[in-house]
>>> print(open('work_7.cif').read())   # mmCIF, C-alpha atoms
data_final
#
loop_
_atom_site.label_atom_id
_atom_site.label_comp_id
_atom_site.auth_asym_id
_atom_site.auth_seq_id
_atom_site.Cartn_x
_atom_site.Cartn_y
_atom_site.Cartn_z
CA MET A 21 0.00 0.00 0.00
CA ARG A 22 1.42 3.39 -1.05
CA VAL A 23 0.82 6.14 1.48
CA VAL A 24 2.01 9.66 2.20
CA VAL A 25 3.12 9.97 5.82
CA ASP A 26 3.49 13.40 7.39
CA THR A 27 6.79 14.21 9.05
CA ASN A 28 5.18 14.36 12.51
CA ILE A 29 4.08 10.72 12.23
CA LEU A 30 7.50 9.52 11.05
CA ILE A 31 9.26 11.34 13.90
CA SER A 32 6.79 10.11 16.53
CA GLY A 33 7.17 6.54 15.25
CA LEU A 34 10.93 6.83 15.29
CA ILE A 35 11.28 7.92 18.89
CA SER A 36 8.69 5.67 20.47
CA SER A 37 7.95 1.98 19.99
CA ILE A 38 4.37 2.33 21.19
CA GLY A 39 1.34 3.96 19.62
CA PRO A 40 -0.03 4.25 16.08
CA PRO A 41 2.96 6.16 14.61
CA ALA A 42 5.26 3.32 15.71
CA VAL A 43 2.95 0.78 14.02
CA ILE A 44 3.10 2.84 10.82
CA LEU A 45 6.89 3.14 10.83
CA ASN A 46 7.14 -0.59 11.57
CA ALA A 47 4.92 -1.28 8.56
CA ILE A 48 7.18 0.87 6.36
CA ARG A 49 10.22 -0.96 7.72
CA SER A 50 8.68 -4.36 7.01
CA GLY A 51 7.61 -3.42 3.49
CA ARG A 52 3.88 -3.63 4.16
CA LEU A 53 3.63 0.11 3.51
CA VAL A 54 5.54 2.14 0.96
CA ALA A 55 6.03 5.78 1.93
CA VAL A 56 5.57 8.09 -1.04
CA MET A 57 8.05 10.95 -0.66
CA SER A 58 9.65 13.76 -2.64
CA GLU A 59 13.04 15.37 -2.27
CA SER A 60 11.26 18.21 -0.50
CA THR A 61 9.52 16.06 2.14
CA LEU A 62 12.67 13.99 2.62
CA ALA A 63 14.68 17.20 3.11
CA GLU A 64 12.17 18.35 5.70
CA LEU A 65 12.49 15.07 7.60
CA SER A 66 16.27 15.37 7.47
CA ALA A 67 16.22 18.99 8.66
CA VAL A 68 13.98 18.14 11.63
CA LEU A 69 16.16 15.17 12.63
CA HIS A 70 19.22 17.44 12.58
CA ARG A 71 17.67 19.88 15.06
CA SER A 72 19.17 19.59 18.52
CA ALA A 73 15.96 18.31 20.14
CA LEU A 74 16.00 15.25 17.87
CA ARG A 75 19.69 15.00 17.18
CA ARG A 76 20.40 14.19 20.84
CA TYR A 77 18.70 10.80 20.34
CA PHE A 78 21.01 9.99 17.45
CA THR A 79 24.03 11.17 19.41
CA LYS A 80 23.01 8.96 22.32
CA ALA A 81 22.48 6.03 19.93
CA GLY A 82 25.87 6.64 18.31
CA ILE A 83 24.50 7.10 14.82
CA MET A 84 23.97 9.96 12.39
CA PRO A 85 20.55 11.15 11.21
CA THR A 86 21.86 10.83 7.66
CA ALA A 87 22.08 7.05 8.14
CA PHE A 88 18.35 6.91 8.87
CA ILE A 89 17.56 9.21 5.95
CA LYS A 90 19.64 7.05 3.61
CA GLU A 91 17.66 3.91 4.47
CA ILE A 92 14.30 5.70 4.35
CA ARG A 93 15.27 6.99 0.90
CA THR A 94 15.97 3.41 -0.20
CA GLN A 95 12.65 2.11 1.12
CA ALA A 96 10.48 5.04 -0.01
CA ASP A 97 8.88 5.57 -3.38
CA LEU A 98 10.72 8.79 -4.20
CA ILE A 99 8.73 10.63 -6.83
CA ARG A 100 8.79 13.90 -8.71
CA PRO A 101 5.57 15.49 -7.44
CA ALA A 102 2.89 17.28 -9.39
CA THR A 103 1.85 20.81 -8.45
CA SER A 104 -1.30 20.87 -6.38
CA THR A 105 -3.87 23.61 -6.85
CA ALA A 106 -5.83 22.67 -3.73
CA ALA A 107 -6.36 25.38 -1.15
CA ILE A 108 -4.71 24.94 2.23
CA ARG A 109 -4.54 27.06 5.38
CA ASP A 110 -0.76 26.92 5.65
CA GLU A 111 1.17 27.16 2.39
CA ARG A 112 4.16 25.55 4.04
CA ASP A 113 2.28 22.23 3.86
CA CYS A 114 2.22 22.37 0.05
CA PRO A 115 4.94 19.72 -0.54
CA PHE A 116 2.58 17.13 0.93
CA LEU A 117 -0.35 18.31 -1.17
CA ASP A 118 1.87 18.04 -4.24
CA LEU A 119 2.49 14.38 -3.41
CA LEU A 120 -1.26 13.81 -3.19
CA ALA A 121 -1.77 15.34 -6.64
CA THR A 122 0.67 12.91 -8.25
CA THR A 123 -0.43 10.01 -10.44
CA PRO A 124 -0.71 7.20 -9.49
CA ARG A 125 -2.39 8.58 -6.41
CA PRO A 126 -1.21 7.41 -2.99
CA GLN A 127 -3.95 5.52 -1.16
CA TYR A 128 -3.91 7.57 2.05
CA PHE A 129 -2.38 10.66 3.60
CA ILE A 130 -1.58 10.04 7.27
CA THR A 131 -1.14 13.18 9.33
CA GLY A 132 -1.73 14.70 12.73
CA ASP A 133 -1.62 18.24 11.31
CA ALA A 134 -4.92 20.10 11.77
CA ASP A 135 -4.04 22.45 8.90
CA PHE A 136 -5.21 19.73 6.51
CA GLU A 137 -8.82 20.67 7.03
CA THR A 138 -10.71 18.52 4.56
CA ASP A 139 -11.31 14.76 4.54
CA GLU A 140 -9.50 14.34 1.24
CA TYR A 141 -7.24 16.12 -1.21
CA HIS A 142 -7.18 15.08 -4.87
CA GLY A 143 -9.27 12.06 -3.93
CA VAL A 144 -6.74 10.87 -1.35
CA PRO A 145 -8.32 10.38 2.10
CA VAL A 146 -6.69 12.26 4.98
CA VAL A 147 -6.55 10.07 8.09
CA SER A 148 -5.04 10.24 11.54
CA ALA A 149 -2.41 7.71 12.57
CA ALA A 150 -4.89 6.01 14.90
CA ALA A 151 -7.57 5.75 12.21
CA PHE A 152 -5.07 4.42 9.71
CA VAL A 153 -3.84 1.73 12.08
CA THR A 154 -7.45 0.59 12.53
CA LEU A 155 -7.74 0.36 8.73
CA LEU A 156 -4.45 -1.49 8.52
CA ARG A 157 -5.54 -4.07 11.09
CA ARG A 158 -8.75 -4.72 9.16
CA ALA A 159 -6.93 -5.14 5.83
CA MET B 8 5.79 -11.09 -21.50
CA ASN B 9 4.74 -7.59 -20.41
CA ALA B 10 2.10 -8.27 -17.79
CA LEU B 11 2.02 -10.03 -14.47
CA ARG B 12 0.62 -13.56 -14.84
CA TYR B 13 -0.88 -15.71 -12.12
CA THR B 14 -0.64 -19.47 -12.42
CA LYS B 15 -1.71 -22.17 -9.99
CA ASP B 16 1.93 -22.67 -9.08
CA GLY B 17 3.02 -19.08 -8.73
CA VAL B 18 3.19 -15.62 -10.20
CA LEU B 19 5.23 -14.78 -13.28
CA ILE B 20 6.69 -11.29 -13.17
CA PRO B 21 7.89 -9.62 -16.38
CA ARG B 22 11.65 -9.31 -16.55
CA THR B 23 11.41 -5.58 -17.20
CA TRP B 24 9.74 -5.04 -13.81
CA VAL B 25 12.80 -6.28 -11.96
CA LYS B 26 15.40 -4.77 -14.27
CA GLY B 27 18.38 -3.46 -12.32
CA TRP B 28 17.80 -5.66 -9.28
CA GLY B 29 20.67 -7.96 -10.18
CA LYS B 30 20.34 -11.71 -10.67
CA PRO B 31 19.64 -12.91 -7.11
CA VAL B 32 16.44 -11.63 -5.53
CA SER B 33 15.09 -12.03 -2.04
CA VAL B 34 11.61 -13.47 -1.52
CA ARG B 35 9.88 -13.14 1.82
CA ARG B 36 6.40 -14.14 2.82
CA GLY B 37 4.80 -11.97 5.50
CA ALA B 38 1.40 -12.14 7.16
CA HIS B 39 -0.15 -9.89 4.53
CA MET B 40 2.01 -10.13 1.43
CA VAL B 41 4.93 -11.65 -0.40
CA ILE B 42 7.84 -9.28 -0.89
CA ILE B 43 10.26 -9.75 -3.74
CA GLU B 44 13.17 -7.37 -3.59
CA SER B 45 16.81 -6.90 -4.40
CA PRO B 46 19.42 -8.04 -1.86
CA GLU B 47 20.40 -4.37 -1.47
CA ARG B 48 16.89 -3.38 -0.50
CA LYS B 49 16.64 -6.30 1.90
CA ALA B 50 19.93 -5.25 3.52
CA SER B 51 18.66 -1.66 3.76
CA ARG B 52 15.51 -2.92 5.49
CA ARG B 53 17.66 -4.74 8.04
CA ARG B 54 19.79 -1.65 8.65
CA LEU B 55 16.67 0.49 9.02
CA THR B 56 15.28 -1.93 11.62
CA GLN B 57 18.51 -1.68 13.63
CA LEU B 58 18.62 2.13 13.37
CA ILE B 59 15.03 2.51 14.54
CA ALA B 60 15.64 0.18 17.49
CA LYS B 61 18.74 2.16 18.53
CA VAL B 62 16.99 5.54 18.31
CA ARG B 63 13.95 4.28 20.22
CA ARG B 64 16.22 2.89 22.93
CA ALA B 65 18.05 6.23 23.16
CA ALA B 66 14.73 8.10 23.31
CA ARG B 67 13.58 5.89 26.20
CA GLU B 68 16.76 6.78 28.09
CA VAL B 69 16.84 10.49 27.26
CA GLY B 70 13.06 10.98 27.41
CA PRO B 71 10.78 11.32 24.39
CA LEU B 72 9.38 14.54 22.98
CA THR B 73 5.66 15.22 23.19
CA SER B 74 3.66 15.50 19.98
CA GLU B 75 3.44 19.26 20.61
CA GLN B 76 7.24 19.50 20.83
CA ILE B 77 7.61 17.50 17.62
CA ALA B 78 5.09 19.79 15.91
CA ALA B 79 7.09 22.82 17.09
CA GLU B 80 10.33 21.41 15.65
CA ILE B 81 8.63 20.76 12.30
CA ALA B 82 7.05 24.22 12.31
CA ALA B 83 10.48 25.78 12.87
CA VAL B 84 11.90 23.92 9.85
CA ARG B 85 8.95 24.89 7.66
CA LYS B 86 9.21 28.52 8.74
CA ARG B 87 12.90 28.62 7.87
CA ARG B 88 12.21 27.01 4.49
CA ALA B 89 9.45 29.55 3.77
CA ARG B 90 11.82 32.44 4.58
CA ARG B 91 14.36 31.13 2.08
CA ARG B 92 11.84 31.16 -0.80
#
>>> encode(input="work_7.cif", output="C-alpha cells")
Amino acid sequence: MRVVVDTNILISGLISSIGPPAVILNAIRSGRLVAVMSESTLAELSAVLHRSALRRYFTKAGIMPTAFIKEIRTQADLIRPATSTAAIRDERDCPFLDLLATTPRPQYFITGDADFETDEYHGVPVVSAAAFVTLLRRA
Amino acid sequence: MNALRYTKDGVLIPRTWVKGWGKPVSVRRGAHMVIIESPERKASRRRLTQLIAKVRRAAREVGPLTSEQIAAEIAAVRKRRARRR
C-alpha cells in the first residue's frame, strides 16, 4: 500500500515503539507500507532530525541522522511530485499536497496536522495515525 | 511477456519489472504479502530496523518529545524554508 506519511508521524514513530505512529513506521520498515516521498519532504524530515531536540537521540544512539535518511530513501517511493492547486490554510504544507496530486495517487495521507482541514485532497483520504492503524488491522 | 501472470503454481513477473535488481532476488512471505526485492533493499531494510531500534532505545533513556514539541520542531523547519523562498 502506497501512502504519504506526514513528518510528525514519522518522527513520533521513530522515537517511540508504542502507539499508532510506531505501528506505521514498523509497517514501512517491514515493506507492508511504501512511503511516497519527494526530495522536499525527505529534506524536511532530514532537517527536523538534525535539530538539537531530535539529534540528541542519534548522538546517544551513536549514529547519524543521515544514516536513517539514507535507508528511508531506499525504502520510499521517491517521486517527482505534481503541483497541487488545492487550497490549504498553511502554504508551508504544500509539498505534501503536491504528493497527493501525483499520479498514481497514494492511497492515504496520514497526518496529525490540523491544517489539513478537509477529509481528502485530490481524492486521497486524509486520516489520523490512529484511524489508519485501525484500517491497517482490518486489511 | 509484459504483464504479471498468475498461475496455480506461482506468479510470473515480467523481466522488465525487476530490471536493475541484479540476478539474485530475495523473496519473503509476511502475514499480509509476499515481498520480492533486491538483496540491497533487503539489507537496507535490516539496517533500518537496527537504526530505529537504537533511536527508540536512546529516546527511552533520554526521554521522548511530546507530539506538541515535535510539531514545534517541524514548524520551525517549515518557517525557515518559507523564509528562504
>>> residues_around(input="work_7.cif", residues="Pro41 in chain A", least_positions_apart="3", cutoff="8 Å", atoms="only C-alpha atoms", output="PyMOL selection string")
chain A and resi 29-30+32-33+38+44-45+149-150
>>> interface_residues(input="work_7.cif", of="chain B", to="chain A", cutoff="7 Å", atoms="only C-alpha atoms", output="ChimeraX atom specification")
/B:48,51-52,55-56,58-59,61-63,65-66,71,77-78,80-81,84-85,89
>>> axis_aligned_box(input="work_7.cif", around="range 136-143 of chain A", padding_each_side="5 Å", output="lines of an AutoDock Vina configuration file")
center_x = -8.3
center_y = 16.4
center_z = 1.1
size_x = 16.1
size_y = 18.6
size_z = 21.9
>>> resolve_selection(input="work_7.cif", expression="the PyMOL selection byres ((chain B and resi 11) around 12)", output="short mmCIF file (atom, residue, chain, number, x, y, z; two decimals) with C-alpha atoms, keeping the file's coordinate frame")
data_model
loop_
_atom_site.label_atom_id
_atom_site.label_comp_id
_atom_site.auth_asym_id
_atom_site.auth_seq_id
_atom_site.Cartn_x
_atom_site.Cartn_y
_atom_site.Cartn_z
CA MET B 8 5.79 -11.09 -21.50
CA ASN B 9 4.74 -7.59 -20.41
CA ALA B 10 2.10 -8.27 -17.79
CA ARG B 12 0.62 -13.56 -14.84
CA TYR B 13 -0.88 -15.71 -12.12
CA THR B 14 -0.64 -19.47 -12.42
CA GLY B 17 3.02 -19.08 -8.73
CA VAL B 18 3.19 -15.62 -10.20
CA LEU B 19 5.23 -14.78 -13.28
CA ILE B 20 6.69 -11.29 -13.17
CA PRO B 21 7.89 -9.62 -16.38
CA ARG B 22 11.65 -9.31 -16.55
CA THR B 23 11.41 -5.58 -17.20
CA TRP B 24 9.74 -5.04 -13.81
CA VAL B 25 12.80 -6.28 -11.96
#
>>> resolve_selection(input="work_7.cif", expression="the PyMOL selection byres ((chain A and resi 116) around 9)", output="MDAnalysis selection string")
chainID A and resid 24:26 57:58 60:61 113:115 117:121 129
>>> atom_distance(input="work_7.cif", atom1="CA of Pro126 in chain A", atom2="CA of Val144 in chain A")
6.7 Å
>>> residues_around(input="work_7.cif", residues="Val32 in chain B", least_positions_apart="3", cutoff="8 Å", atoms="all atoms listed in the file", output="list of chain:residue names")
B:Trp28, B:Gly29, B:Ile43, B:Glu44, B:Ser45, B:Pro46
>>> atom_distance(input="work_7.cif", atom1="CA of Arg125 in chain A", atom2="CA of Lys49 in chain B")
25.5 Å
>>> residues_around(input="work_7.cif", residues="Ala151 in chain A", least_positions_apart="4", cutoff="12 Å", atoms="only C-alpha atoms", output="list in words")
Gly39, Pro40, Pro41, Val43, Ile44, Tyr128, Phe129, Ile130, Thr131, Gly132, Pro145, Val146, Val147, Leu155, Leu156, Arg157 and Arg158 of chain A
>>> atom_distance(input="work_7.cif", atom1="CA of Leu53 in chain A", atom2="CA of Tyr141 in chain A")
19.9 Å
>>> decode(input="work_7.cif", residues="range 44-68 of chain A", atoms="N, CA and C atoms", output="compact mmCIF listing (two decimals), in the first residue's frame")
# COMPACT_ATOMS: atom_id res chain seq x y z
N ILE A 44 2.95 2.40 12.21
CA ILE A 44 3.10 2.84 10.82
C ILE A 44 4.56 2.76 10.37
N LEU A 45 5.47 3.23 11.21
CA LEU A 45 6.89 3.14 10.83
C LEU A 45 7.33 1.68 10.75
N ASN A 46 6.82 0.84 11.63
CA ASN A 46 7.14 -0.59 11.57
C ASN A 46 6.64 -1.20 10.26
N ALA A 47 5.48 -0.76 9.81
CA ALA A 47 4.92 -1.28 8.56
C ALA A 47 5.74 -0.82 7.35
N ILE A 48 6.29 0.39 7.43
CA ILE A 48 7.18 0.87 6.36
C ILE A 48 8.46 0.04 6.37
N ARG A 49 8.98 -0.19 7.55
CA ARG A 49 10.22 -0.96 7.72
C ARG A 49 10.06 -2.39 7.20
N SER A 50 8.89 -2.96 7.43
CA SER A 50 8.68 -4.36 7.01
C SER A 50 8.32 -4.49 5.54
N GLY A 51 7.97 -3.37 4.90
CA GLY A 51 7.61 -3.42 3.49
C GLY A 51 6.11 -3.49 3.27
N ARG A 52 5.34 -3.57 4.32
CA ARG A 52 3.88 -3.63 4.16
C ARG A 52 3.35 -2.30 3.62
N LEU A 53 3.98 -1.21 4.03
CA LEU A 53 3.63 0.11 3.51
C LEU A 53 4.81 0.68 2.75
N VAL A 54 4.50 1.40 1.69
CA VAL A 54 5.54 2.14 0.96
C VAL A 54 5.24 3.62 1.15
N ALA A 55 6.20 4.34 1.72
CA ALA A 55 6.03 5.78 1.93
C ALA A 55 6.34 6.51 0.63
N VAL A 56 5.36 7.28 0.17
CA VAL A 56 5.57 8.09 -1.04
C VAL A 56 6.17 9.42 -0.58
N MET A 57 7.35 9.74 -1.10
CA MET A 57 8.05 10.95 -0.66
C MET A 57 8.62 11.70 -1.85
N SER A 58 8.96 12.95 -1.63
CA SER A 58 9.65 13.76 -2.64
C SER A 58 10.95 14.24 -2.02
N GLU A 59 11.80 14.82 -2.82
CA GLU A 59 13.04 15.37 -2.27
C GLU A 59 12.72 16.42 -1.20
N SER A 60 11.64 17.15 -1.43
CA SER A 60 11.26 18.21 -0.50
C SER A 60 10.82 17.64 0.86
N THR A 61 9.99 16.61 0.86
CA THR A 61 9.52 16.06 2.14
C THR A 61 10.66 15.29 2.84
N LEU A 62 11.52 14.68 2.03
CA LEU A 62 12.67 13.99 2.62
C LEU A 62 13.64 15.00 3.25
N ALA A 63 13.81 16.14 2.57
CA ALA A 63 14.68 17.20 3.11
C ALA A 63 14.11 17.76 4.41
N GLU A 64 12.80 17.86 4.46
CA GLU A 64 12.17 18.35 5.70
C GLU A 64 12.42 17.37 6.85
N LEU A 65 12.25 16.09 6.57
CA LEU A 65 12.49 15.07 7.60
C LEU A 65 13.94 15.15 8.08
N SER A 66 14.85 15.29 7.13
CA SER A 66 16.27 15.37 7.47
C SER A 66 16.55 16.61 8.33
N ALA A 67 15.98 17.74 7.92
CA ALA A 67 16.22 18.99 8.66
C ALA A 67 15.69 18.89 10.10
N VAL A 68 14.55 18.27 10.28
CA VAL A 68 13.98 18.14 11.63
C VAL A 68 14.86 17.21 12.48
